[in-house]
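Student: upload_3.txt (compact mmCIF, C-alpha atoms) pasted underneath:
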# COMPACT_ATOMS: atom_id res chain seq x y z
CA GLN A 16 62.15 118.33 -131.28
CA GLU A 17 65.70 118.26 -129.95
CA PHE A 18 69.06 116.58 -130.24
CA GLN A 19 70.24 114.53 -127.29
CA PHE A 20 73.93 113.73 -127.72
CA GLY A 21 74.33 111.79 -124.50
CA PRO A 22 74.30 114.43 -121.74
CA CYS A 23 74.31 117.29 -124.27
CA GLN A 24 70.88 118.55 -125.20
CA VAL A 25 70.31 120.88 -128.16
CA GLU A 26 66.91 122.44 -128.67
CA GLY A 27 65.60 124.79 -131.34
CA VAL A 28 67.16 123.13 -134.37
CA VAL A 29 64.86 121.39 -136.86
CA LEU A 30 66.70 118.52 -138.55
CA GLN A 31 64.35 118.62 -141.52
CA GLU A 32 65.52 122.18 -142.29
CA LEU A 33 69.14 121.01 -142.32
CA TRP A 34 68.20 118.22 -144.71
CA GLU A 35 66.29 120.56 -146.99
CA ALA A 36 69.22 123.00 -147.07
CA PHE A 37 71.69 120.23 -147.94
CA GLN A 38 69.40 118.54 -150.49
CA ALA A 39 69.31 121.84 -152.38
CA MET A 40 73.15 121.68 -152.73
CA LYS A 41 73.81 117.96 -152.74
CA ASP A 42 73.92 117.20 -156.48
CA ILE A 43 76.16 120.19 -157.21
CA ALA A 44 78.44 119.50 -154.27
CA GLN A 45 78.81 115.75 -154.81
CA ALA A 46 79.24 116.11 -158.58
CA GLN A 47 82.46 118.07 -157.88
CA ASP A 48 83.89 115.12 -155.92
CA ASN A 49 85.18 112.55 -158.40
CA ILE A 50 87.22 110.56 -155.87
CA THR A 51 84.70 107.76 -155.39
CA SER A 52 87.18 105.48 -153.64
CA VAL A 53 87.60 107.59 -150.50
CA GLN A 54 84.95 108.26 -147.84
CA LEU A 55 86.06 110.61 -145.06
CA LEU A 56 83.17 109.96 -142.65
CA ARG A 57 83.53 106.23 -142.89
CA LYS A 58 82.19 103.48 -140.64
CA GLU A 59 85.12 103.52 -138.25
CA VAL A 60 84.36 107.17 -137.49
CA LEU A 61 80.60 107.07 -136.98
CA GLN A 62 79.46 103.52 -136.31
CA ASN A 63 78.67 102.25 -132.79
CA VAL A 64 79.32 105.62 -131.14
CA SER A 65 78.12 105.47 -127.53
CA GLU A 66 75.78 108.12 -126.19
CA ALA A 67 78.52 109.38 -123.89
CA GLU A 68 81.00 109.71 -126.76
CA SER A 69 78.52 111.40 -129.09
CA CYS A 70 78.72 114.87 -127.54
CA TYR A 71 82.52 114.98 -127.85
CA LEU A 72 82.46 113.65 -131.39
CA ILE A 73 79.76 115.96 -132.74
CA HIS A 74 81.50 118.93 -131.10
CA ALA A 75 84.82 118.07 -132.76
CA LEU A 76 83.22 117.38 -136.15
CA LEU A 77 81.09 120.55 -136.22
CA GLU A 78 84.03 122.66 -135.08
CA PHE A 79 86.11 121.24 -137.95
CA TYR A 80 83.31 121.68 -140.44
CA LEU A 81 82.77 125.31 -139.46
CA ASN A 82 86.44 126.33 -139.14
CA THR A 83 87.86 124.37 -142.06
CA VAL A 84 85.25 123.00 -144.45
CA PHE A 85 82.62 125.73 -144.58
CA LYS A 86 85.23 128.46 -144.32
CA ASN A 87 87.03 127.17 -147.41
CA TYR A 88 83.88 126.22 -149.33
CA HIS A 89 82.26 129.67 -149.08
CA ASP A 90 83.64 130.94 -152.39
CA LYS A 91 82.39 127.83 -154.17
CA ALA A 92 78.98 128.33 -152.60
CA VAL A 93 78.94 131.80 -154.16
CA GLU A 94 80.18 130.44 -157.48
CA PHE A 95 77.51 127.69 -157.55
CA ARG A 96 74.81 130.14 -156.31
CA ILE A 97 73.93 128.01 -153.34
CA LEU A 98 74.85 130.63 -150.72
CA LYS A 99 71.39 130.76 -149.15
CA SER A 100 71.25 127.03 -148.42
CA PHE A 101 74.92 127.05 -147.50
CA SER A 102 74.31 129.81 -144.92
CA THR A 103 71.24 128.04 -143.51
CA LEU A 104 73.33 124.93 -142.92
CA ALA A 105 76.31 126.82 -141.48
CA ASN A 106 74.13 128.91 -139.14
CA ASN A 107 72.37 125.82 -137.83
CA PHE A 108 75.72 124.15 -137.20
CA ILE A 109 76.81 127.26 -135.27
CA VAL A 110 73.64 127.10 -133.15
CA ILE A 111 74.23 123.41 -132.37
CA MET A 112 77.88 124.08 -131.53
CA SER A 113 76.97 126.93 -129.20
CA LYS A 114 74.62 124.70 -127.21
CA LEU A 115 76.96 121.73 -126.83
CA GLN A 116 78.66 121.63 -123.42
CA PRO A 117 80.90 118.54 -123.47
CA SER A 118 81.94 117.72 -119.94
CA GLN A 119 85.63 118.20 -119.10
CA GLU A 120 85.53 116.06 -115.97
CA LYS A 121 88.43 113.66 -115.33
CA GLU A 122 86.21 110.59 -115.21
CA MET A 123 85.23 111.24 -118.81
CA PHE A 124 88.86 111.11 -120.03
CA SER A 125 88.70 107.65 -121.68
CA ILE A 126 85.40 108.44 -123.41
CA ARG A 127 86.76 111.78 -124.57
CA GLU A 128 89.83 110.00 -125.93
CA SER A 129 87.73 107.42 -127.75
CA ALA A 130 85.77 110.19 -129.46
CA ARG A 131 89.02 111.98 -130.26
CA ARG A 132 90.48 108.87 -131.94
CA ARG A 133 87.40 108.68 -134.16
CA PHE A 134 87.72 112.35 -135.07
CA LEU A 135 91.43 111.94 -135.84
CA LEU A 136 90.61 109.09 -138.25
CA PHE A 137 88.41 111.55 -140.13
CA ARG A 138 90.93 114.38 -140.05
CA ARG A 139 93.81 112.14 -141.12
CA ALA A 140 91.84 110.99 -144.17
CA PHE A 141 91.03 114.64 -144.88
CA LYS A 142 94.70 115.63 -144.76
CA GLN A 143 95.74 112.82 -147.07
CA LEU A 144 93.85 114.48 -149.91
CA ASP A 145 94.66 117.61 -151.84
CA ARG A 146 93.27 120.53 -149.85
CA GLU A 147 90.58 121.62 -152.31
CA ALA A 148 89.52 118.05 -153.05
CA ALA A 149 89.27 117.35 -149.31
CA VAL A 150 87.09 120.39 -148.66
CA THR A 151 84.82 119.47 -151.57
CA LYS A 152 84.58 115.85 -150.42
CA ALA A 153 83.88 116.76 -146.78
CA PHE A 154 81.17 119.19 -147.81
CA GLY A 155 79.62 116.55 -150.07
CA GLU A 156 79.51 114.17 -147.10
CA VAL A 157 77.28 116.37 -144.93
CA ASP A 158 74.45 113.93 -145.70
CA ILE A 159 76.43 111.17 -143.99
CA LEU A 160 76.86 113.46 -140.98
CA LEU A 161 73.14 114.35 -140.91
CA THR A 162 72.15 110.68 -141.20
CA TRP A 163 74.31 109.93 -138.15
CA MET A 164 72.99 112.97 -136.23
CA GLU A 165 69.48 111.67 -136.81
CA ASN A 166 70.19 108.80 -134.41
CA PHE A 167 70.28 111.41 -131.63
CA TYR A 168 67.23 113.38 -132.73
CA GLN A 169 64.01 113.14 -130.77
CA LEU A 170 60.65 114.31 -132.17
CA HIS B 239 95.10 110.65 -181.68
CA ILE B 240 91.78 112.36 -180.97
CA ALA B 241 89.47 110.28 -178.78
CA GLU B 242 86.15 109.65 -180.52
CA ASP B 243 83.14 111.21 -178.72
CA THR B 244 80.86 108.28 -177.85
CA SER B 245 78.70 110.05 -175.29
CA ASP B 246 75.82 109.69 -177.72
CA LEU B 247 75.62 105.97 -176.98
CA LEU B 248 74.29 106.35 -173.46
CA GLN B 249 72.46 108.89 -171.23
CA HIS B 250 70.46 109.42 -168.03
CA VAL B 251 72.15 106.68 -165.98
CA LYS B 252 70.39 106.87 -162.60
CA PHE B 253 68.79 104.97 -159.76
CA GLN B 254 65.02 104.83 -159.42
CA SER B 255 64.02 103.72 -155.94
CA SER B 256 60.66 103.10 -154.34
CA ASN B 257 60.11 101.37 -150.99
CA PHE B 258 63.86 100.53 -151.12
CA GLU B 259 63.55 98.62 -154.39
CA ASN B 260 66.54 100.13 -156.21
CA ILE B 261 66.51 99.88 -159.99
CA LEU B 262 69.30 101.27 -162.20
CA THR B 263 67.93 102.71 -165.44
CA TRP B 264 69.44 104.44 -168.46
CA ASP B 265 68.58 105.53 -171.95
CA SER B 266 70.29 104.79 -175.21
CA GLY B 267 71.71 107.77 -177.00
CA PRO B 268 70.15 109.40 -180.06
CA GLU B 269 72.66 107.67 -182.35
CA SER B 270 72.87 104.24 -180.74
CA ALA B 271 71.82 101.14 -182.70
CA PRO B 272 69.31 98.60 -181.33
CA ASP B 273 72.01 95.93 -181.04
CA THR B 274 73.98 98.01 -178.53
CA VAL B 275 74.74 95.95 -175.41
CA TYR B 276 75.13 97.24 -171.87
CA SER B 277 77.12 96.05 -168.85
CA VAL B 278 76.56 97.21 -165.28
CA GLN B 279 79.01 97.64 -162.40
CA TYR B 280 78.43 98.98 -158.92
CA LYS B 281 80.42 99.84 -155.80
CA THR B 282 80.10 101.23 -152.31
CA TYR B 283 81.26 104.83 -151.95
CA GLY B 284 84.71 104.79 -150.37
CA GLU B 285 85.77 101.48 -151.90
CA THR B 286 88.18 101.12 -154.79
CA GLU B 287 86.90 98.04 -156.62
CA TRP B 288 83.94 98.03 -158.98
CA GLN B 289 81.82 94.88 -158.94
CA ALA B 290 80.23 93.47 -162.11
CA LYS B 291 76.53 92.87 -161.61
CA GLU B 292 75.74 89.30 -162.51
CA GLY B 293 72.78 89.10 -164.84
CA CYS B 294 73.37 92.57 -166.21
CA GLN B 295 76.37 91.92 -168.44
CA ARG B 296 76.04 92.54 -172.21
CA ILE B 297 72.28 92.97 -171.95
CA THR B 298 70.09 94.84 -174.41
CA ARG B 299 67.44 95.98 -171.93
CA LYS B 300 67.92 99.36 -170.21
CA SER B 301 67.40 98.55 -166.56
CA CYS B 302 68.98 96.43 -163.88
CA ASN B 303 67.75 95.58 -160.39
CA LEU B 304 70.46 96.45 -157.85
CA THR B 305 68.27 96.15 -154.75
CA MET B 306 70.30 93.43 -153.11
CA GLU B 307 73.61 95.07 -153.96
CA THR B 308 72.59 98.42 -152.50
CA GLY B 309 70.74 97.18 -149.44
CA ASN B 310 72.81 98.67 -146.63
CA LEU B 311 70.92 101.72 -145.35
CA THR B 312 73.94 103.63 -144.09
CA ASP B 313 76.13 103.00 -147.13
CA LEU B 314 76.24 105.16 -150.23
CA TYR B 315 76.69 103.68 -153.69
CA TYR B 316 77.68 104.36 -157.26
CA ALA B 317 76.75 102.38 -160.36
CA ARG B 318 77.98 102.73 -163.89
CA VAL B 319 76.93 101.41 -167.30
CA THR B 320 79.15 100.65 -170.26
CA ALA B 321 77.48 100.63 -173.67
CA ILE B 322 79.16 98.87 -176.59
CA ASP B 323 77.76 99.06 -180.12
CA ALA B 324 78.23 96.62 -182.99
CA GLY B 325 81.03 98.78 -184.33
CA GLY B 326 82.96 98.31 -181.09
CA ARG B 327 82.44 101.89 -179.97
CA SER B 328 81.88 102.16 -176.22
CA ALA B 329 80.83 104.72 -173.62
CA THR B 330 80.68 104.54 -169.81
CA LYS B 331 78.56 106.72 -167.58
CA MET B 332 78.17 106.75 -163.78
CA THR B 333 75.27 107.62 -161.48
CA ASP B 334 75.29 110.34 -158.87
CA ARG B 335 76.11 109.16 -155.36
CA PHE B 336 73.09 107.10 -154.27
CA SER B 337 71.60 106.71 -150.80
CA SER B 338 68.45 104.63 -150.60
CA LEU B 339 67.41 106.38 -147.36
CA GLN B 340 67.53 109.75 -149.06
CA HIS B 341 66.33 108.80 -152.52
CA THR B 342 63.64 106.14 -152.09
CA ILE B 343 60.06 107.19 -152.79
CA ILE B 344 57.33 105.81 -150.55
CA LYS B 345 54.52 103.97 -152.32
CA PRO B 346 50.91 104.38 -151.18
CA PRO B 347 50.12 102.25 -148.10
CA ASP B 348 48.09 99.05 -148.39
CA VAL B 349 44.76 99.63 -146.65
CA THR B 350 41.58 97.64 -146.04
CA CYS B 351 38.44 99.80 -145.76
CA ILE B 352 35.61 98.13 -143.80
CA PRO B 353 32.21 99.84 -143.98
CA LYS B 354 29.72 99.47 -141.13
CA ALA B 355 26.29 101.09 -140.70
CA ARG B 356 27.48 104.38 -139.17
CA SER B 357 31.24 104.19 -139.50
CA ILE B 358 34.09 103.12 -141.78
CA GLN B 359 37.11 101.35 -140.33
CA MET B 360 40.48 101.60 -142.09
CA ILE B 361 43.27 99.13 -141.37
CA VAL B 362 46.73 99.96 -142.68
CA HIS B 363 48.85 96.89 -143.38
CA PRO B 364 52.61 96.91 -142.71
CA THR B 365 54.74 97.68 -145.76
CA TYR B 366 57.62 95.22 -145.97
CA THR B 367 60.83 96.33 -147.70
CA PRO B 368 63.62 94.21 -149.27
CA ILE B 369 65.88 95.33 -146.39
CA HIS B 370 66.84 92.62 -143.89
CA THR B 371 68.53 92.89 -140.49
CA GLY B 372 71.55 90.80 -139.67
CA ASN B 373 69.38 87.97 -138.36
CA GLY B 374 67.24 87.87 -141.50
CA HIS B 375 64.30 89.84 -140.12
CA ARG B 376 62.63 91.78 -142.93
CA LEU B 377 62.17 95.47 -142.12
CA THR B 378 58.98 97.43 -142.68
CA LEU B 379 58.87 101.12 -143.57
CA GLU B 380 57.78 101.79 -139.99
CA ASP B 381 60.91 100.01 -138.72
CA ILE B 382 63.14 102.18 -140.90
CA PHE B 383 61.45 105.56 -140.49
CA GLN B 384 60.74 106.19 -136.80
CA ASP B 385 58.54 109.22 -137.50
CA LEU B 386 56.40 107.63 -140.25
CA PHE B 387 52.73 108.38 -139.73
CA TYR B 388 49.46 108.05 -141.67
CA HIS B 389 47.11 110.83 -142.65
CA LEU B 390 43.53 109.83 -143.54
CA LYS B 391 40.76 111.88 -145.13
CA LEU B 392 37.13 110.94 -145.64
CA HIS B 393 35.31 113.11 -148.16
CA ILE B 394 31.79 113.65 -146.84
CA ASN B 395 30.67 116.07 -149.54
CA HIS B 396 32.18 118.73 -151.78
CA THR B 397 33.02 121.03 -148.92
CA TYR B 398 33.35 118.83 -145.85
CA GLN B 399 36.08 116.26 -145.06
CA MET B 400 36.89 114.33 -141.90
CA HIS B 401 40.57 113.92 -140.95
CA LEU B 402 42.39 111.33 -138.85
CA GLY B 403 46.10 110.73 -138.39
CA GLY B 404 48.71 108.94 -136.35
CA LYS B 405 51.28 106.17 -136.16
CA GLN B 406 48.82 103.42 -135.27
CA ARG B 407 47.40 101.13 -137.96
CA GLU B 408 43.72 101.09 -137.12
CA PHE B 409 41.47 104.09 -137.65
CA GLU B 410 37.69 104.54 -137.72
CA PHE B 411 35.52 107.39 -138.97
CA PHE B 412 32.33 107.55 -136.87
CA GLY B 413 29.02 109.38 -137.14
CA LEU B 414 28.35 108.55 -140.79
CA THR B 415 25.02 108.27 -142.61
CA PRO B 416 23.98 104.68 -143.34
CA ASP B 417 23.70 103.38 -146.91
CA THR B 418 25.91 106.16 -148.30
CA GLU B 419 29.07 106.05 -150.43
CA PHE B 420 32.20 107.77 -149.20
CA LEU B 421 35.67 108.34 -150.69
CA GLY B 422 38.65 107.77 -148.41
CA THR B 423 42.32 108.70 -149.06
CA ILE B 424 45.29 107.53 -146.98
CA VAL B 425 48.82 108.92 -147.24
CA SER B 426 52.07 107.80 -145.58
CA SER B 427 54.34 110.63 -144.46
CA VAL B 428 57.93 110.85 -143.11
CA PRO B 429 58.53 114.45 -142.00
CA THR B 430 62.23 114.17 -141.16
CA TRP B 431 63.04 112.98 -144.67
CA SER B 432 60.38 115.16 -146.31
CA LYS B 433 58.80 112.09 -147.87
CA GLU B 434 55.10 111.64 -148.61
CA SER B 435 53.44 108.85 -150.60
CA ALA B 436 50.79 109.22 -153.23
CA PRO B 437 47.36 108.56 -151.68
CA TYR B 438 45.75 105.14 -151.42
CA VAL B 439 42.12 105.66 -152.42
CA CYS B 440 39.18 103.56 -151.30
CA ARG B 441 35.47 103.89 -151.93
CA ALA B 442 33.16 102.43 -149.33
CA LYS B 443 29.40 102.47 -148.86
CA THR B 444 28.04 102.35 -145.32
CA LEU B 445 25.60 99.51 -144.63
CA PRO B 446 21.85 100.05 -144.42
CA ASP B 447 20.81 100.71 -140.83
CA GLN B 448 19.24 97.43 -139.51
CA THR B 449 18.37 98.80 -136.09
CA TRP B 450 14.66 99.05 -135.23
CA THR B 451 13.57 102.67 -134.94
Please re-express this file's structure in structure tokens.

Tutor:
Amino acid sequence: QEFQFGPCQVEGVVLQELWEAFQAMKDIAQAQDNITSVQLLRKEVLQNVSEAESCYLIHALLEFYLNTVFKNYHDKAVEFRILKSFSTLANNFIVIMSKLQPSQEKEMFSIRESARRRFLLFRRAFKQLDREAAVTKAFGEVDILLTWMENFYQL
Amino acid sequence: HIAEDTSDLLQHVKFQSSNFENILTWDSGPESAPDTVYSVQYKTYGETEWQAKEGCQRITRKSCNLTMETGNLTDLYYARVTAIDAGGRSATKMTDRFSSLQHTIIKPPDVTCIPKARSIQMIVHPTYTPIHTGNGHRLTLEDIFQDLFYHLKLHINHTYQMHLGGKQREFEFFGLTPDTEFLGTIVSSVPTWSKESAPYVCRAKTLPDQTWT
């Protein structure tokens, strides 16, 4: 069982555990998000991502999730008593991040830029919302992220 | 002006999904009258507009089939019901965010059990879903869930069972006693999504042994 984001291979992470951790929080997290007309991880961000792009995109998304979303959602996780599942998810994201080695070679510039444009679409939508609402919405959309990650998961 | 509390007209608005057949259900409230009518709307998460579901406007029944409207596997959906009673009081309630991939329950597989003299063959038939690809091809559960596999058990006696499993569709339990009844159970399982069906159960009696001894 491993993730294969194009050239980036990530072993030792069991996708099912990520799903189980998120499912334990999903109803609480998504119930806090009452902006049903905005989806941050929308089709233009995640659909038709090439293998080569995928490593850059997942790296950018996980970095944002860890440094911005999880960091600012921690207090809510305590408040909603979902800290154990929250920590399981965050720790697994840290493991994945640590094993991703996106290539910095010149030839990969256009692919890197394509992945970056996708990420910026997501971040721009995030910034257009009120900060707390954006963090809540992004956290509630982890299932969209996991569904996309599954495309790169090999049993 | 104090808004009247009408939440007693309507409750438990939710999707019930099995094999990607997505049915919206709800309950009337403790105070609602039998002539209360209900209207259903739905939308894709991320979109602004709500769509009225044709055929589920001002109905008295408490369910509505939204399979076709919620058929995109990567989209997430919301639905909402508005209840209006004879007195003109109304209440609207919305579902949680719905993903058929995450929420659908897998029904037991369809299996044919074929007894022979010293073995029982089990053939699992493909399970077609209402989901179609762009070119109209109807998807099976196996198409949708790459890691779907079958787990078969044959109960020999109270203490002993034989087990088989795999992604293929044809299985055979060998080395059985002729002219004997056996109980077989077959379960579909999708580990990545932590889904497992209820068992399909078949009883089969091996044939009398015709070979000359």

Student: Can you pull out the residues contacting Phe37 (chain A)? Cut-off 12 Å, using only C-alpha atoms, and skip same-chain residues under 4 positions away; I want them as a PyMOL selection string.

Tutor: (chain A and resi 30-33+41-45+92+97-105+107+154-162) or (chain B and resi 340+431)

Student: What does the structure give for the distance between CA of Val275 (chain B) and CA of Ser301 (chain B), in Å to one decimal?

Tutor: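 CA of Ser301 (chain B) lies at a distance of 11.8 Å from CA of Val275 (chain B).
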
Student: Quick one: residues within 12 Å of Ser432 (chain B), only C-alpha atoms, excluding same-chain residues fewer than 2 positions away - as a count of residues only?

Tutor: 24

Student: What are the closest atom pairs, with distances in Å to one decimal, for each residue of chain B lying within 12 Å of chain A, using only C-alpha atoms, rows by chain and rising residue number, as a tab-separated table?

Tutor:
residue	atom	partner	partner_atom	distance
B:Tyr280	CA	A:Thr51	CA	11.4
B:Lys281	CA	A:Thr51	CA	9.0
B:Thr282	CA	A:Ser52	CA	8.4
B:Tyr283	CA	A:Thr51	CA	5.7
B:Gly284	CA	A:Val53	CA	4.0
B:Glu285	CA	A:Ser52	CA	4.6
B:Thr286	CA	A:Ser52	CA	4.6
B:Glu287	CA	A:Ser52	CA	8.0
B:Trp288	CA	A:Ser52	CA	9.7
B:Leu311	CA	A:Thr162	CA	10.0
B:Thr312	CA	A:Thr162	CA	7.8
B:Asp313	CA	A:Ile159	CA	8.8
B:Leu314	CA	A:Ile159	CA	8.7
B:Tyr315	CA	A:Thr51	CA	9.1
B:Tyr316	CA	A:Thr51	CA	8.0
B:Ala317	CA	A:Thr51	CA	10.8
B:Arg318	CA	A:Thr51	CA	11.9
B:Met332	CA	A:Asn49	CA	10.6
B:Thr333	CA	A:Ala46	CA	9.8
B:Asp334	CA	A:Ala46	CA	7.0
B:Arg335	CA	A:Gln45	CA	7.1
B:Phe336	CA	A:Asp42	CA	10.4
B:Ser337	CA	A:Asp158	CA	9.3
B:Ser338	CA	A:Thr162	CA	11.8
B:Leu339	CA	A:Thr162	CA	8.9
B:Gln340	CA	A:Asp158	CA	8.8
B:His341	CA	A:Gln38	CA	10.4
B:Ile382	CA	A:Asn166	CA	11.6
B:Phe383	CA	A:Glu165	CA	10.7
B:Gln384	CA	A:Leu170	CA	9.3
B:Asp385	CA	A:Leu170	CA	7.7
B:Leu386	CA	A:Leu170	CA	11.3
B:Val428	CA	A:Gln31	CA	10.2
B:Pro429	CA	A:Gln31	CA	7.2
B:Thr430	CA	A:Gln31	CA	4.9
B:Trp431	CA	A:Gln31	CA	6.6
B:Ser432	CA	A:Gln31	CA	7.1
B:Lys433	CA	A:Gln31	CA	10.7

Student: Write out as a list in words each polymer residue whose atoms come within 8 Å of region 444-448 of chain B, counting all atoms listed in the file; drop sequence neighbours fewer than 6 positions from it.

Tutor: Pro353, Lys354, Ala355, Arg356, Ser357, Ile358, Leu414, Thr415, Pro416, Asp417, Thr418, Glu419 and Phe420 of chain B

Student: Compile the contact shell of region 129-138 of chain A as a short mmCIF file (atom, residue, chain, number, x, y, z; two decimals) with C-alpha atoms, in the frame of the given file: residues with an atom at most 9 Å away, counting only C-alpha atoms, same-chain residues fewer than 5 positions apart removed.

Tutor:
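Final file, part.cif:
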data_model
loop_
_atom_site.label_atom_id
_atom_site.label_comp_id
_atom_site.auth_asym_id
_atom_site.auth_seq_id
_atom_site.Cartn_x
_atom_site.Cartn_y
_atom_site.Cartn_z
CA LEU A 55 86.06 110.61 -145.06
CA LEU A 56 83.17 109.96 -142.65
CA ARG A 57 83.53 106.23 -142.89
CA GLU A 59 85.12 103.52 -138.25
CA VAL A 60 84.36 107.17 -137.49
CA LEU A 61 80.60 107.07 -136.98
CA VAL A 64 79.32 105.62 -131.14
CA GLU A 68 81.00 109.71 -126.76
CA SER A 69 78.52 111.40 -129.09
CA CYS A 70 78.72 114.87 -127.54
CA TYR A 71 82.52 114.98 -127.85
CA LEU A 72 82.46 113.65 -131.39
CA ILE A 73 79.76 115.96 -132.74
CA ALA A 75 84.82 118.07 -132.76
CA LEU A 76 83.22 117.38 -136.15
CA PHE A 79 86.11 121.24 -137.95
CA PHE A 124 88.86 111.11 -120.03
CA GLN A 143 95.74 112.82 -147.07
#

Student: Every residue with an atom at most 9 Å from (71.1, 108.5, -180.6) (file coordinates; all atoms listed in the file) is what I'm after, so could you write them as a list of chain:residue names?

Tutor: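 Residues satisfying the cut-off, written out: B:Asp246, B:Leu247, B:Leu248, B:Ser266, B:Gly267, B:Pro268, B:Glu269, B:Ser270, B:Ala271.
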
Student: If we count only C-alpha atoms and set the cut-off at 12 Å, which residues sit around Gly293 (chain B), ignoring sequence neighbours fewer than 2 positions away in its own chain? Please answer as an mmCIF file with C-alpha atoms, keeping the file's coordinate frame.

Tutor:
data_model
loop_
_atom_site.group_PDB
_atom_site.id
_atom_site.type_symbol
_atom_site.label_atom_id
_atom_site.label_comp_id
_atom_site.auth_asym_id
_atom_site.auth_seq_id
_atom_site.Cartn_x
_atom_site.Cartn_y
_atom_site.Cartn_z
ATOM 1 C CA TYR B 276 75.130 97.240 -171.870
ATOM 2 C CA SER B 277 77.120 96.050 -168.850
ATOM 3 C CA VAL B 278 76.560 97.210 -165.280
ATOM 4 C CA GLN B 279 79.010 97.640 -162.400
ATOM 5 C CA ALA B 290 80.230 93.470 -162.110
ATOM 6 C CA LYS B 291 76.530 92.870 -161.610
ATOM 7 C CA GLN B 295 76.370 91.920 -168.440
ATOM 8 C CA ARG B 296 76.040 92.540 -172.210
ATOM 9 C CA ILE B 297 72.280 92.970 -171.950
ATOM 10 C CA THR B 298 70.090 94.840 -174.410
ATOM 11 C CA ARG B 299 67.440 95.980 -171.930
ATOM 12 C CA SER B 301 67.400 98.550 -166.560
ATOM 13 C CA CYS B 302 68.980 96.430 -163.880
ATOM 14 C CA ASN B 303 67.750 95.580 -160.390
ATOM 15 C CA LEU B 304 70.460 96.450 -157.850
#
